[in-house]
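Some notes on the structure that comes next.
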Amino acid sequence: MRKQERASEIYKRLSQRYPAPEPALTWSTPWELLVATALSAQCTDERVNMVTPVFFEKWPDIQDAAEADISEIEAVVRSTGFFRNKAKNIRAAANRIMTEYNGEVPKSMAELITLGGVARKTASIVLSNAFGINEGIAVDTHVKRLAFRMGLTQKTDPIQIEKDLMPLFPREQWGEINHFLVFYGRQVCPARKPKCDECELNDICPKKGVK
DNA sequence: CTCCCGATAT
DNA sequence: ATATCAGGAG
């Protein structure tokens, strides 16, 4: 089976399984989604969802975050790991958004990735979920693993994987395919013990039976 | 390539 | 003890 055909079949089956996918991260504004996604690096979204309510109660607006004390932010985000980098990046991003973007989270890939701690993955999540803009496909640990196992890429670099994936899915599916692969990766095809015996993609998976 | 880094599962 | 979790920067 060709890659293109396999990709279409994956989209078809997973869109049946996940009729109305929403991010597992909890958020209510573009800024909240940006912060939550920035915090999610090498951390479970479950953990992030414990931290963000505390964060946004303490600093509700972008301006509040821009003025916050770094050590206080560090204390709040500590349990998500990489807490010094994350705290510094979030406050710096809040400052830039206030001073250079009129207090509004920018709506393009080019602008978003100029913010420290924000690269294509985080930018794609914010663009597709908060603004409905598909400029890229967010390649996180789940998309990377699933794309490789399903034979949609042979690459290991997320940027290269994204380039392999983009032509395989219509642009309007880019946000969805991210959700599908993330959820399916968590539920059926995790890194350690993939449940190949109960996988509904088993028949089109080149890695079936292989770890 | 290395470093940043805590929480949890195995 | 080690691997993994919605990564990013130097």
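Convention: chains lettered A, B, ... in structure tokens order; per-chain residue numbering from 1; ligands numbered from 1 as shown.
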Neighbours of C:DA3 within 10 Å (only C-alpha atoms (C1' of nucleotides); same-chain residues fewer than 4 positions away dropped), as an mmCIF file with N, CA and C atoms (P, O5', C5', C4', C3', O3' and C1' of nucleotides), in the first residue's frame?
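Full text of result.cif as output:
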data_model
loop_
_atom_site.group_PDB
_atom_site.id
_atom_site.type_symbol
_atom_site.label_atom_id
_atom_site.label_comp_id
_atom_site.auth_asym_id
_atom_site.auth_seq_id
_atom_site.Cartn_x
_atom_site.Cartn_y
_atom_site.Cartn_z
ATOM 1 N N ALA A 191 4.646 4.464 23.416
ATOM 2 C CA ALA A 191 6.051 4.167 23.130
ATOM 3 C C ALA A 191 6.438 2.782 23.624
ATOM 4 N N ARG A 192 5.990 2.435 24.838
ATOM 5 C CA ARG A 192 6.506 1.196 25.445
ATOM 6 C C ARG A 192 5.805 -0.084 24.995
ATOM 7 P P DA B 9 1.863 6.216 37.627
ATOM 8 O "O5'" DA B 9 2.540 5.330 36.489
ATOM 9 C "C5'" DA B 9 2.433 5.727 35.133
ATOM 10 C "C4'" DA B 9 3.253 4.792 34.259
ATOM 11 C "C3'" DA B 9 3.085 3.319 34.583
ATOM 12 O "O3'" DA B 9 3.085 2.566 33.380
ATOM 13 C "C1'" DA B 9 5.351 3.944 34.866
ATOM 14 P P DT B 10 2.792 0.984 33.430
ATOM 15 O "O5'" DT B 10 4.268 0.383 33.342
ATOM 16 C "C5'" DT B 10 5.083 0.732 32.231
ATOM 17 C "C4'" DT B 10 6.463 0.105 32.385
ATOM 18 C "C3'" DT B 10 6.430 -1.352 32.841
ATOM 19 O "O3'" DT B 10 7.184 -2.146 31.947
ATOM 20 C "C1'" DT B 10 7.958 -0.103 34.143
#
Kindly assemble as CSV a list of the chain A residues that lie within 8 Å of chain B, each paired with its nearest atom pair and their distance in Å to one decimal, using only C-alpha atoms (C1' of nucleotides), sorted first by chain and then by ascending residue number.
residue,atom,partner,partner_atom,distance
A:Arg78,CA,B:DG6,C1',7.1
A:Ser79,CA,B:DG6,C1',5.1
A:Thr80,CA,B:DG6,C1',5.9
A:Gly81,CA,B:DG6,C1',4.4
A:Phe82,CA,B:DC5,C1',4.5
A:Phe83,CA,B:DC5,C1',7.1
A:Asn85,CA,B:DC4,C1',7.1
List as a tab-separated table every residue of chain A that is in contact with chain C, defined as an atom at most 8 Å from one of its atoms (using only C-alpha atoms (C1' of nucleotides)), together with the nearest atom pair and the distance in Å rounded to one decimal, sorted by chain and then rising number.
residue	atom	partner	partner_atom	distance
A:Thr37	CA	C:DA6	C1'	7.2
A:Ser40	CA	C:DA6	C1'	6.0
A:Ala41	CA	C:DG7	C1'	4.6
A:Gln42	CA	C:DC5	C1'	5.0
A:Cys43	CA	C:DC5	C1'	4.5
A:Thr44	CA	C:DC5	C1'	4.8
A:Asp45	CA	C:DA6	C1'	6.8
A:Gly117	CA	C:DG8	C1'	5.6
A:Val118	CA	C:DG8	C1'	7.1
A:Ala119	CA	C:DG8	C1'	6.7
A:Lys121	CA	C:DG7	C1'	7.8
A:Asp140	CA	C:DA6	C1'	5.8
A:Thr141	CA	C:DA6	C1'	7.2
A:His142	CA	C:DA6	C1'	7.5
A:Val182	CA	C:DA6	C1'	7.3
A:Ala191	CA	C:DT4	C1'	7.6
Quiz item: Could you pull the residues within 12 Å of A:Arg96, counting only C-alpha atoms (C1' of nucleotides), minus those fewer than 4 positions along the same chain, as a ChimeraX atom specification?
Solution: /A:62-63,65-67,89-92,100-106,111-112,114-116
Exercise. Run DSSP on the backbone and grab whatever in chain A lands in helix (DSSP H, G or I); send it over as a ChimeraX atom specification.
Key: /A:3-17,30-39,45-58,62-67,70-80,83-100,109-112,120-131,141-149,158-168,171-187,196-198,202-204
Quiz item: Any idea what the distance is between atom CA of A:Asn95 and atom CA of A:Asp61?
Solution: 11.5 Å
